[in-house]
>>> print(open('my_file37.pdb').read())   # PDB, C-alpha atoms, pLDDT in the B column
ATOM      1  CA  MET H   1      49.973 134.798 114.587  1.00 72.00           C
ATOM      2  CA  GLY H   2      53.146 135.199 116.584  1.00 85.00           C
ATOM      3  CA  THR H   3      55.418 138.186 116.605  1.00 89.00           C
ATOM      4  CA  ALA H   4      58.231 136.297 114.886  1.00 90.00           C
ATOM      5  CA  LEU H   5      55.978 135.309 111.993  1.00 91.00           C
ATOM      6  CA  VAL H   6      54.650 138.855 111.618  1.00 92.00           C
ATOM      7  CA  CYS H   7      58.261 140.078 111.510  1.00 93.00           C
ATOM      8  CA  LEU H   8      59.078 137.514 108.812  1.00 94.00           C
ATOM      9  CA  VAL H   9      56.083 138.616 106.748  1.00 94.00           C
ATOM     10  CA  GLY H  10      57.233 142.222 107.229  1.00 94.00           C
ATOM     11  CA  ALA H  11      60.729 141.295 106.042  1.00 95.00           C
ATOM     12  CA  VAL H  12      59.265 139.686 102.914  1.00 95.00           C
ATOM     13  CA  MET H  13      57.136 142.806 102.388  1.00 95.00           C
ATOM     14  CA  LEU H  14      60.270 144.969 102.682  1.00 94.00           C
ATOM     15  CA  LEU H  15      62.030 142.728 100.161  1.00 93.00           C
ATOM     16  CA  GLY H  16      59.095 143.290  97.801  1.00 93.00           C
ATOM     17  CA  LEU H  17      59.358 147.058  98.219  1.00 93.00           C
ATOM     18  CA  LEU H  18      63.075 146.914  97.477  1.00 92.00           C
ATOM     19  CA  GLY H  19      62.338 144.619  94.557  1.00 90.00           C
ATOM     20  CA  VAL H  20      60.523 147.436  92.812  1.00 89.00           C
ATOM     21  CA  LEU H  21      63.799 149.353  92.649  1.00 85.00           C
ATOM     22  CA  VAL H  22      66.114 146.390  91.963  1.00 80.00           C
ATOM     23  CA  PRO H  23      65.834 144.741  88.552  1.00 72.00           C
ATOM     24  CA  GLY H  24      65.245 141.012  88.685  1.00 74.00           C
ATOM     25  CA  ILE H  25      63.097 140.888  91.817  1.00 81.00           C
ATOM     26  CA  PRO H  26      59.348 140.964  91.092  1.00 90.00           C
ATOM     27  CA  GLY H  27      58.390 143.466  93.791  1.00 91.00           C
ATOM     28  CA  PRO H  28      54.583 143.419  93.456  1.00 94.00           C
ATOM     29  CA  LEU H  29      54.479 139.623  93.369  1.00 95.00           C
ATOM     30  CA  VAL H  30      56.637 139.406  96.499  1.00 95.00           C
ATOM     31  CA  CYS H  31      54.428 141.946  98.319  1.00 95.00           C
ATOM     32  CA  TRP H  32      51.277 140.084  97.299  1.00 96.00           C
ATOM     33  CA  SER H  33      52.819 136.782  98.390  1.00 96.00           C
ATOM     34  CA  ALA H  34      53.596 138.259 101.807  1.00 96.00           C
ATOM     35  CA  VAL H  35      49.971 139.377 102.210  1.00 96.00           C
ATOM     36  CA  LEU H  36      48.761 135.952 101.049  1.00 96.00           C
ATOM     37  CA  TRP H  37      51.016 134.249 103.601  1.00 95.00           C
ATOM     38  CA  TRP H  38      49.755 136.533 106.362  1.00 95.00           C
ATOM     39  CA  ALA H  39      46.093 136.107 105.396  1.00 94.00           C
ATOM     40  CA  GLY H  40      46.520 132.339 105.234  1.00 93.00           C
ATOM     41  CA  GLU H  41      47.861 132.335 108.771  1.00 92.00           C
ATOM     42  CA  GLU H  42      45.372 134.820 110.231  1.00 90.00           C
ATOM     43  CA  HIS H  43      42.078 133.544 108.753  1.00 90.00           C
ATOM     44  CA  THR H  44      40.107 136.664 109.721  1.00 92.00           C
ATOM     45  CA  PRO H  45      37.714 138.715 107.599  1.00 94.00           C
ATOM     46  CA  LEU H  46      40.113 141.672 107.892  1.00 94.00           C
ATOM     47  CA  SER H  47      43.052 139.650 106.571  1.00 93.00           C
ATOM     48  CA  TRP H  48      41.043 138.326 103.620  1.00 96.00           C
ATOM     49  CA  GLY H  49      39.805 141.856 102.909  1.00 95.00           C
ATOM     50  CA  VAL H  50      43.358 143.161 102.875  1.00 96.00           C
ATOM     51  CA  LEU H  51      44.332 140.329 100.511  1.00 96.00           C
ATOM     52  CA  ALA H  52      41.419 141.158  98.178  1.00 97.00           C
ATOM     53  CA  ALA H  53      42.300 144.862  98.231  1.00 97.00           C
ATOM     54  CA  ALA H  54      45.985 144.089  97.622  1.00 96.00           C
ATOM     55  CA  THR H  55      45.038 141.907  94.678  1.00 96.00           C
ATOM     56  CA  GLY H  56      42.907 144.683  93.196  1.00 96.00           C
ATOM     57  CA  VAL H  57      45.551 147.345  93.690  1.00 96.00           C
ATOM     58  CA  LEU H  58      48.291 145.218  92.164  1.00 95.00           C
ATOM     59  CA  LEU H  59      46.119 144.241  89.183  1.00 95.00           C
ATOM     60  CA  LEU H  60      45.373 147.928  88.599  1.00 95.00           C
ATOM     61  CA  ASN H  61      49.121 148.527  88.909  1.00 93.00           C
ATOM     62  CA  LEU H  62      49.750 146.071  86.070  1.00 90.00           C
ATOM     63  CA  VAL H  63      47.339 147.885  83.792  1.00 91.00           C
ATOM     64  CA  LEU H  64      48.570 151.390  84.611  1.00 89.00           C
ATOM     65  CA  LYS H  65      52.237 150.395  84.492  1.00 84.00           C
ATOM     66  CA  TRP H  66      51.925 149.269  80.885  1.00 81.00           C
ATOM     67  CA  LEU H  67      49.437 151.837  79.574  1.00 83.00           C
ATOM     68  CA  LEU H  68      50.741 155.185  80.816  1.00 79.00           C
ATOM     69  CA  PRO H  69      54.487 154.917  80.071  1.00 76.00           C
ATOM     70  CA  ALA H  70      53.878 153.175  76.730  1.00 76.00           C
ATOM     71  CA  ARG H  71      51.761 156.069  75.521  1.00 75.00           C
ATOM     72  CA  SER H  72      54.485 158.666  76.128  1.00 74.00           C
ATOM     73  CA  MET H  73      57.115 156.460  74.492  1.00 77.00           C
ATOM     74  CA  ARG H  74      54.880 155.954  71.461  1.00 76.00           C
ATOM     75  CA  THR H  75      54.465 159.723  71.061  1.00 75.00           C
ATOM     76  CA  ALA H  76      58.255 160.129  71.233  1.00 73.00           C
ATOM     77  CA  GLY H  77      58.692 157.447  68.563  1.00 77.00           C
ATOM     78  CA  VAL H  78      60.641 154.995  70.716  1.00 81.00           C
ATOM     79  CA  SER H  79      60.068 151.507  69.324  1.00 80.00           C
ATOM     80  CA  TRP H  80      59.903 148.207  71.164  1.00 83.00           C
ATOM     81  CA  ARG H  81      62.941 147.129  69.148  1.00 88.00           C
ATOM     82  CA  ALA H  82      64.919 150.018  70.655  1.00 86.00           C
ATOM     83  CA  LEU H  83      63.901 148.960  74.158  1.00 84.00           C
ATOM     84  CA  PHE H  84      64.753 145.328  73.427  1.00 88.00           C
ATOM     85  CA  THR H  85      68.188 146.329  72.112  1.00 90.00           C
ATOM     86  CA  ALA H  86      68.765 148.548  75.135  1.00 89.00           C
ATOM     87  CA  GLY H  87      67.754 145.660  77.422  1.00 88.00           C
ATOM     88  CA  ALA H  88      70.227 143.329  75.724  1.00 92.00           C
ATOM     89  CA  VAL H  89      73.009 145.903  76.129  1.00 92.00           C
ATOM     90  CA  ALA H  90      71.975 146.329  79.790  1.00 89.00           C
ATOM     91  CA  ILE H  91      72.347 142.586  80.393  1.00 90.00           C
ATOM     92  CA  ALA H  92      75.783 142.624  78.776  1.00 92.00           C
ATOM     93  CA  GLY H  93      76.687 145.727  80.808  1.00 90.00           C
ATOM     94  CA  PHE H  94      75.642 143.998  84.024  1.00 87.00           C
ATOM     95  CA  PHE H  95      78.200 141.265  83.420  1.00 91.00           C
ATOM     96  CA  LEU H  96      80.927 143.604  82.194  1.00 90.00           C
ATOM     97  CA  VAL H  97      80.573 146.109  85.041  1.00 88.00           C
ATOM     98  CA  PRO H  98      78.623 144.404  87.835  1.00 83.00           C
ATOM     99  CA  VAL H  99      75.534 146.204  89.150  1.00 74.00           C
ATOM    100  CA  ILE H 100      76.083 149.685  87.687  1.00 85.00           C
ATOM    101  CA  GLY H 101      76.695 148.324  84.187  1.00 88.00           C
ATOM    102  CA  ALA H 102      73.021 147.493  83.683  1.00 85.00           C
ATOM    103  CA  PRO H 103      71.599 151.036  83.897  1.00 86.00           C
ATOM    104  CA  ILE H 104      74.579 152.486  82.049  1.00 91.00           C
ATOM    105  CA  GLY H 105      74.229 149.837  79.347  1.00 91.00           C
ATOM    106  CA  PHE H 106      70.496 150.435  79.040  1.00 89.00           C
ATOM    107  CA  VAL H 107      70.812 154.188  78.610  1.00 91.00           C
ATOM    108  CA  GLY H 108      73.831 153.829  76.316  1.00 92.00           C
ATOM    109  CA  GLY H 109      72.175 151.149  74.201  1.00 92.00           C
ATOM    110  CA  LEU H 110      68.978 153.147  73.883  1.00 91.00           C
ATOM    111  CA  TYR H 111      70.890 156.292  72.948  1.00 93.00           C
ATOM    112  CA  ALA H 112      72.992 154.425  70.362  1.00 92.00           C
ATOM    113  CA  PHE H 113      69.917 152.840  68.796  1.00 91.00           C
ATOM    114  CA  GLU H 114      68.118 156.177  68.604  1.00 89.00           C
ATOM    115  CA  ARG H 115      71.236 157.921  67.297  1.00 90.00           C
ATOM    116  CA  VAL H 116      71.450 155.441  64.420  1.00 91.00           C
ATOM    117  CA  ARG H 117      67.717 155.673  63.777  1.00 87.00           C
ATOM    118  CA  LEU H 118      67.435 159.464  63.934  1.00 85.00           C
ATOM    119  CA  GLY H 119      70.939 160.467  62.824  1.00 86.00           C
ATOM    120  CA  SER H 120      71.350 163.398  65.197  1.00 87.00           C
ATOM    121  CA  HIS H 121      72.476 163.854  68.776  1.00 89.00           C
ATOM    122  CA  GLY H 122      69.612 166.154  69.747  1.00 87.00           C
ATOM    123  CA  GLY H 123      66.848 163.872  68.536  1.00 85.00           C
ATOM    124  CA  ALA H 124      68.470 160.770  70.029  1.00 87.00           C
ATOM    125  CA  TRP H 125      69.019 162.449  73.382  1.00 90.00           C
ATOM    126  CA  SER H 126      65.445 163.772  73.476  1.00 87.00           C
ATOM    127  CA  SER H 127      64.067 160.336  72.647  1.00 85.00           C
ATOM    128  CA  THR H 128      66.292 158.686  75.284  1.00 88.00           C
ATOM    129  CA  ARG H 129      65.191 161.188  77.945  1.00 88.00           C
ATOM    130  CA  THR H 130      61.536 160.584  77.108  1.00 86.00           C
ATOM    131  CA  ALA H 131      61.995 156.822  77.369  1.00 86.00           C
ATOM    132  CA  MET H 132      63.831 157.130  80.694  1.00 87.00           C
ATOM    133  CA  ARG H 133      61.066 159.359  82.085  1.00 87.00           C
ATOM    134  CA  ALA H 134      58.460 156.835  80.984  1.00 86.00           C
ATOM    135  CA  ILE H 135      60.369 153.980  82.617  1.00 84.00           C
ATOM    136  CA  GLY H 136      60.713 156.046  85.793  1.00 86.00           C
ATOM    137  CA  LEU H 137      56.971 156.710  85.764  1.00 86.00           C
ATOM    138  CA  GLY H 138      56.350 152.958  85.524  1.00 85.00           C
ATOM    139  CA  MET H 139      58.603 152.366  88.520  1.00 88.00           C
ATOM    140  CA  LEU H 140      56.852 155.081  90.530  1.00 91.00           C
ATOM    141  CA  ILE H 141      53.444 153.575  89.749  1.00 91.00           C
ATOM    142  CA  GLU H 142      54.691 150.163  90.878  1.00 92.00           C
ATOM    143  CA  LEU H 143      56.307 151.570  94.032  1.00 94.00           C
ATOM    144  CA  PHE H 144      53.146 153.474  94.956  1.00 95.00           C
ATOM    145  CA  ALA H 145      51.017 150.346  94.530  1.00 95.00           C
ATOM    146  CA  CYS H 146      53.392 148.272  96.677  1.00 95.00           C
ATOM    147  CA  LEU H 147      53.483 150.999  99.321  1.00 95.00           C
ATOM    148  CA  LEU H 148      49.666 150.993  99.406  1.00 96.00           C
ATOM    149  CA  VAL H 149      49.685 147.222  99.893  1.00 96.00           C
ATOM    150  CA  ALA H 150      52.341 147.429 102.602  1.00 96.00           C
ATOM    151  CA  GLY H 151      50.475 150.248 104.358  1.00 95.00           C
ATOM    152  CA  ALA H 152      47.193 148.324 104.289  1.00 95.00           C
ATOM    153  CA  TRP H 153      48.940 145.247 105.674  1.00 95.00           C
ATOM    154  CA  LEU H 154      50.679 147.228 108.419  1.00 95.00           C
ATOM    155  CA  GLY H 155      47.431 148.976 109.340  1.00 94.00           C
ATOM    156  CA  ALA H 156      45.654 145.641 109.583  1.00 94.00           C
ATOM    157  CA  VAL H 157      48.437 144.157 111.708  1.00 93.00           C
ATOM    158  CA  LEU H 158      48.372 147.123 114.084  1.00 92.00           C
ATOM    159  CA  ALA H 159      44.557 147.115 114.231  1.00 90.00           C
ATOM    160  CA  GLY H 160      44.354 143.367 114.880  1.00 76.00           C
TER     161      GLY H 160
END
>>> encode(input="my_file37.pdb", output="structure tokens")
Amino acid sequence: MGTALVCLVGAVMLLGLLGVLVPGIPGPLVCWSAVLWWAGEEHTPLSWGVLAAATGVLLLNLVLKWLLPARSMRTAGVSWRALFTAGAVAIAGFFLVPVIGAPIGFVGGLYAFERVRLGSHGGAWSSTRTAMRAIGLGMLIELFACLLVAGAWLGAVLAG
């Protein structure tokens, strides 16, 4: 595999890593696709091993990303309806105030929903903070998994 192609695969891998932090880009899928592209070009046992390991890590990521944060939100009493409402407000916020409107809309929508549901500022703010921590934990899990995949790929490229 030529240097230019390895650089292109690395650029796609970097896009996948950034996609974890940017809503709308499926970061783990982009990272896995980059490894698949590289393994398909290399055709070595090492490249197929890295692809198998990346697949395992990213499948484990899917399970952990949905189990761990959901448990803490359930204990705080945050419902899926609250998250859906907050997501809808985030989409509207994205179009009203480009880019920064989405996170502001999400937090504001979640707080407003919880304020109506609980009736007090303290309870709504506590519930919103718990939900934001859980969402941040999900992002950290996803980022760690993608960094593991990128590190395994880079190690294999440097070793080969």
>>> closest_residue(input="my_file37.pdb", among="H:Glu114, H:Leu51, H:Val22, H:Trp32", to="Val78 (chain H)", atoms="all atoms listed in the file")
H:Glu114
>>> closest_residue(input="my_file37.pdb", among="H:Leu148, H:Gly101, H:Val157, H:Ala76", to="Leu118 (chain H)", atoms="all atoms listed in the file")
H:Ala76
>>> residues_near_point(input="my_file37.pdb", point="(49.1, 134.2, 113.3)", cutoff="7 Å", atoms="only C-alpha atoms", output="number ranges by chain")
H: 1-2, 41-42
>>> closest_residue(input="my_file37.pdb", among="H:Leu158, H:Leu83, H:Val6, H:Met13", to="Ala34 (chain H)", atoms="only C-alpha atoms")
H:Met13
>>> resolve_selection(input="my_file37.pdb", expression="the PyMOL selection byres ((chain H and resi 142) around 9)", output="list in words")
Val20, Gly27, Pro28, Leu58, Asn61, Leu62, Leu64, Lys65, Leu137, Gly138, Met139, Leu140, Ile141, Leu143, Phe144, Ala145, Cys146 and Leu147 of chain H
>>> write_last_selection(input="my_file37.pdb", atoms="C-alpha atoms", output="PDB file, in the coordinates of the input")
ATOM      1  CA  VAL H  20      60.523 147.436  92.812  1.00 89.00           C
ATOM      2  CA  GLY H  27      58.390 143.466  93.791  1.00 91.00           C
ATOM      3  CA  PRO H  28      54.583 143.419  93.456  1.00 94.00           C
ATOM      4  CA  LEU H  58      48.291 145.218  92.164  1.00 95.00           C
ATOM      5  CA  ASN H  61      49.121 148.527  88.909  1.00 93.00           C
ATOM      6  CA  LEU H  62      49.750 146.071  86.070  1.00 90.00           C
ATOM      7  CA  LEU H  64      48.570 151.390  84.611  1.00 89.00           C
ATOM      8  CA  LYS H  65      52.237 150.395  84.492  1.00 84.00           C
ATOM      9  CA  LEU H 137      56.971 156.710  85.764  1.00 86.00           C
ATOM     10  CA  GLY H 138      56.350 152.958  85.524  1.00 85.00           C
ATOM     11  CA  MET H 139      58.603 152.366  88.520  1.00 88.00           C
ATOM     12  CA  LEU H 140      56.852 155.081  90.530  1.00 91.00           C
ATOM     13  CA  ILE H 141      53.444 153.575  89.749  1.00 91.00           C
ATOM     14  CA  LEU H 143      56.307 151.570  94.032  1.00 94.00           C
ATOM     15  CA  PHE H 144      53.146 153.474  94.956  1.00 95.00           C
ATOM     16  CA  ALA H 145      51.017 150.346  94.530  1.00 95.00           C
ATOM     17  CA  CYS H 146      53.392 148.272  96.677  1.00 95.00           C
ATOM     18  CA  LEU H 147      53.483 150.999  99.321  1.00 95.00           C
TER      19      LEU H 147
END
>>> atom_distance(input="my_file37.pdb", atom1="CA of Pro69 (chain H)", atom2="CA of Leu110 (chain H)")
15.9 Å
>>> residues_near_point(input="my_file37.pdb", point="(59.9, 145.8, 104.9)", cutoff="12 Å", atoms="only C-alpha atoms", output="list of chain:residue names")
H:Val6, H:Cys7, H:Leu8, H:Val9, H:Gly10, H:Ala11, H:Val12, H:Met13, H:Leu14, H:Leu15, H:Gly16, H:Leu17, H:Leu18, H:Gly19, H:Gly27, H:Val30, H:Cys31, H:Ala34, H:Cys146, H:Leu147, H:Val149, H:Ala150, H:Gly151, H:Trp153, H:Leu154
>>> write_last_selection(input="my_file37.pdb", atoms="C-alpha atoms", output="PDB file, keeping the file's coordinate frame")
ATOM      1  CA  VAL H   6      54.650 138.855 111.618  1.00 92.00           C
ATOM      2  CA  CYS H   7      58.261 140.078 111.510  1.00 93.00           C
ATOM      3  CA  LEU H   8      59.078 137.514 108.812  1.00 94.00           C
ATOM      4  CA  VAL H   9      56.083 138.616 106.748  1.00 94.00           C
ATOM      5  CA  GLY H  10      57.233 142.222 107.229  1.00 94.00           C
ATOM      6  CA  ALA H  11      60.729 141.295 106.042  1.00 95.00           C
ATOM      7  CA  VAL H  12      59.265 139.686 102.914  1.00 95.00           C
ATOM      8  CA  MET H  13      57.136 142.806 102.388  1.00 95.00           C
ATOM      9  CA  LEU H  14      60.270 144.969 102.682  1.00 94.00           C
ATOM     10  CA  LEU H  15      62.030 142.728 100.161  1.00 93.00           C
ATOM     11  CA  GLY H  16      59.095 143.290  97.801  1.00 93.00           C
ATOM     12  CA  LEU H  17      59.358 147.058  98.219  1.00 93.00           C
ATOM     13  CA  LEU H  18      63.075 146.914  97.477  1.00 92.00           C
ATOM     14  CA  GLY H  19      62.338 144.619  94.557  1.00 90.00           C
ATOM     15  CA  GLY H  27      58.390 143.466  93.791  1.00 91.00           C
ATOM     16  CA  VAL H  30      56.637 139.406  96.499  1.00 95.00           C
ATOM     17  CA  CYS H  31      54.428 141.946  98.319  1.00 95.00           C
ATOM     18  CA  ALA H  34      53.596 138.259 101.807  1.00 96.00           C
ATOM     19  CA  CYS H 146      53.392 148.272  96.677  1.00 95.00           C
ATOM     20  CA  LEU H 147      53.483 150.999  99.321  1.00 95.00           C
ATOM     21  CA  VAL H 149      49.685 147.222  99.893  1.00 96.00           C
ATOM     22  CA  ALA H 150      52.341 147.429 102.602  1.00 96.00           C
ATOM     23  CA  GLY H 151      50.475 150.248 104.358  1.00 95.00           C
ATOM     24  CA  TRP H 153      48.940 145.247 105.674  1.00 95.00           C
ATOM     25  CA  LEU H 154      50.679 147.228 108.419  1.00 95.00           C
TER      26      LEU H 154
END
>>> axis_aligned_box(input="my_file37.pdb", around="region 78-96 of chain H", padding_each_side="6 Å", output="lines of an AutoDock Vina configuration file")
center_x = 70.4
center_y = 148.1
center_z = 76.6
size_x = 33.0
size_y = 25.7
size_z = 26.9
>>> closest_residue(input="my_file37.pdb", among="H:Pro98, H:Pro23, H:Ala82, H:Arg133", to="Tyr111 (chain H)", atoms="all atoms listed in the file")
H:Ala82
>>> closest_residue(input="my_file37.pdb", among="H:Gly155, H:Gly108, H:Gly24, H:Pro45", to="Met132 (chain H)", atoms="all atoms listed in the file")
H:Gly108
>>> resolve_selection(input="my_file37.pdb", expression="the PyMOL selection byres ((chain H and resi 85-90) around 6)", output="list of chain:residue names")
H:Ala82, H:Leu83, H:Phe84, H:Ile91, H:Ala92, H:Gly93, H:Ala102, H:Gly105, H:Phe106, H:Gly109, H:Leu110
>>> resolve_selection(input="my_file37.pdb", expression="the PyMOL selection byres ((chain H and resi 73) around 10)", output="ChimeraX atom specification")
/H:68-72,74-80,127-135
>>> atom_distance(input="my_file37.pdb", atom1="CA of Ala152 (chain H)", atom2="CA of Ser33 (chain H)")
14.1 Å
>>> atom_distance(input="my_file37.pdb", atom1="CA of Gly49 (chain H)", atom2="CA of Gly160 (chain H)")
12.9 Å
>>> closest_residue(input="my_file37.pdb", among="H:Val63, H:Ala156, H:Leu21, H:Thr3", to="Pro103 (chain H)", atoms="only C-alpha atoms")
H:Leu21
>>> build_atoms(input="my_file37.pdb", residues="region 121-135 of chain H", atoms="N, CA, C and O atoms", output="mmCIF file, in the frame of the given file")
data_model
loop_
_atom_site.group_PDB
_atom_site.id
_atom_site.type_symbol
_atom_site.label_atom_id
_atom_site.label_comp_id
_atom_site.auth_asym_id
_atom_site.auth_seq_id
_atom_site.Cartn_x
_atom_site.Cartn_y
_atom_site.Cartn_z
ATOM 1 N N HIS H 121 72.314 163.944 67.324
ATOM 2 C CA HIS H 121 72.476 163.854 68.776
ATOM 3 C C HIS H 121 71.245 164.393 69.505
ATOM 4 O O HIS H 121 70.756 163.789 70.454
ATOM 5 N N GLY H 122 70.741 165.524 69.066
ATOM 6 C CA GLY H 122 69.612 166.154 69.747
ATOM 7 C C GLY H 122 68.365 165.288 69.757
ATOM 8 O O GLY H 122 67.710 165.133 70.791
ATOM 9 N N GLY H 123 68.023 164.730 68.613
ATOM 10 C CA GLY H 123 66.848 163.872 68.536
ATOM 11 C C GLY H 123 67.013 162.592 69.345
ATOM 12 O O GLY H 123 66.083 162.145 70.021
ATOM 13 N N ALA H 124 68.216 162.005 69.276
ATOM 14 C CA ALA H 124 68.470 160.770 70.029
ATOM 15 C C ALA H 124 68.427 161.030 71.532
ATOM 16 O O ALA H 124 67.864 160.236 72.291
ATOM 17 N N TRP H 125 69.001 162.138 71.966
ATOM 18 C CA TRP H 125 69.019 162.449 73.382
ATOM 19 C C TRP H 125 67.608 162.755 73.892
ATOM 20 O O TRP H 125 67.223 162.336 74.981
ATOM 21 N N SER H 126 66.825 163.468 73.098
ATOM 22 C CA SER H 126 65.445 163.772 73.476
ATOM 23 C C SER H 126 64.619 162.491 73.581
ATOM 24 O O SER H 126 63.844 162.318 74.530
ATOM 25 N N SER H 127 64.784 161.603 72.630
ATOM 26 C CA SER H 127 64.067 160.336 72.647
ATOM 27 C C SER H 127 64.496 159.476 73.838
ATOM 28 O O SER H 127 63.657 158.838 74.492
ATOM 29 N N THR H 128 65.779 159.454 74.141
ATOM 30 C CA THR H 128 66.292 158.686 75.284
ATOM 31 C C THR H 128 65.747 159.244 76.591
ATOM 32 O O THR H 128 65.333 158.487 77.475
ATOM 33 N N ARG H 129 65.736 160.569 76.722
ATOM 34 C CA ARG H 129 65.191 161.188 77.945
ATOM 35 C C ARG H 129 63.719 160.856 78.124
ATOM 36 O O ARG H 129 63.264 160.568 79.226
ATOM 37 N N THR H 130 62.962 160.906 77.033
ATOM 38 C CA THR H 130 61.536 160.584 77.108
ATOM 39 C C THR H 130 61.327 159.143 77.546
ATOM 40 O O THR H 130 60.472 158.856 78.389
ATOM 41 N N ALA H 131 62.114 158.230 76.989
ATOM 42 C CA ALA H 131 61.995 156.822 77.369
ATOM 43 C C ALA H 131 62.379 156.613 78.837
ATOM 44 O O ALA H 131 61.714 155.859 79.557
ATOM 45 N N MET H 132 63.410 157.287 79.297
ATOM 46 C CA MET H 132 63.831 157.130 80.694
ATOM 47 C C MET H 132 62.779 157.703 81.650
ATOM 48 O O MET H 132 62.521 157.139 82.710
ATOM 49 N N ARG H 133 62.156 158.814 81.268
ATOM 50 C CA ARG H 133 61.066 159.359 82.085
ATOM 51 C C ARG H 133 59.890 158.398 82.147
ATOM 52 O O ARG H 133 59.278 158.217 83.197
ATOM 53 N N ALA H 134 59.578 157.786 81.025
ATOM 54 C CA ALA H 134 58.460 156.835 80.984
ATOM 55 C C ALA H 134 58.769 155.603 81.847
ATOM 56 O O ALA H 134 57.889 155.112 82.560
ATOM 57 N N ILE H 135 59.982 155.131 81.797
ATOM 58 C CA ILE H 135 60.369 153.980 82.617
ATOM 59 C C ILE H 135 60.338 154.366 84.095
ATOM 60 O O ILE H 135 59.889 153.606 84.946
#
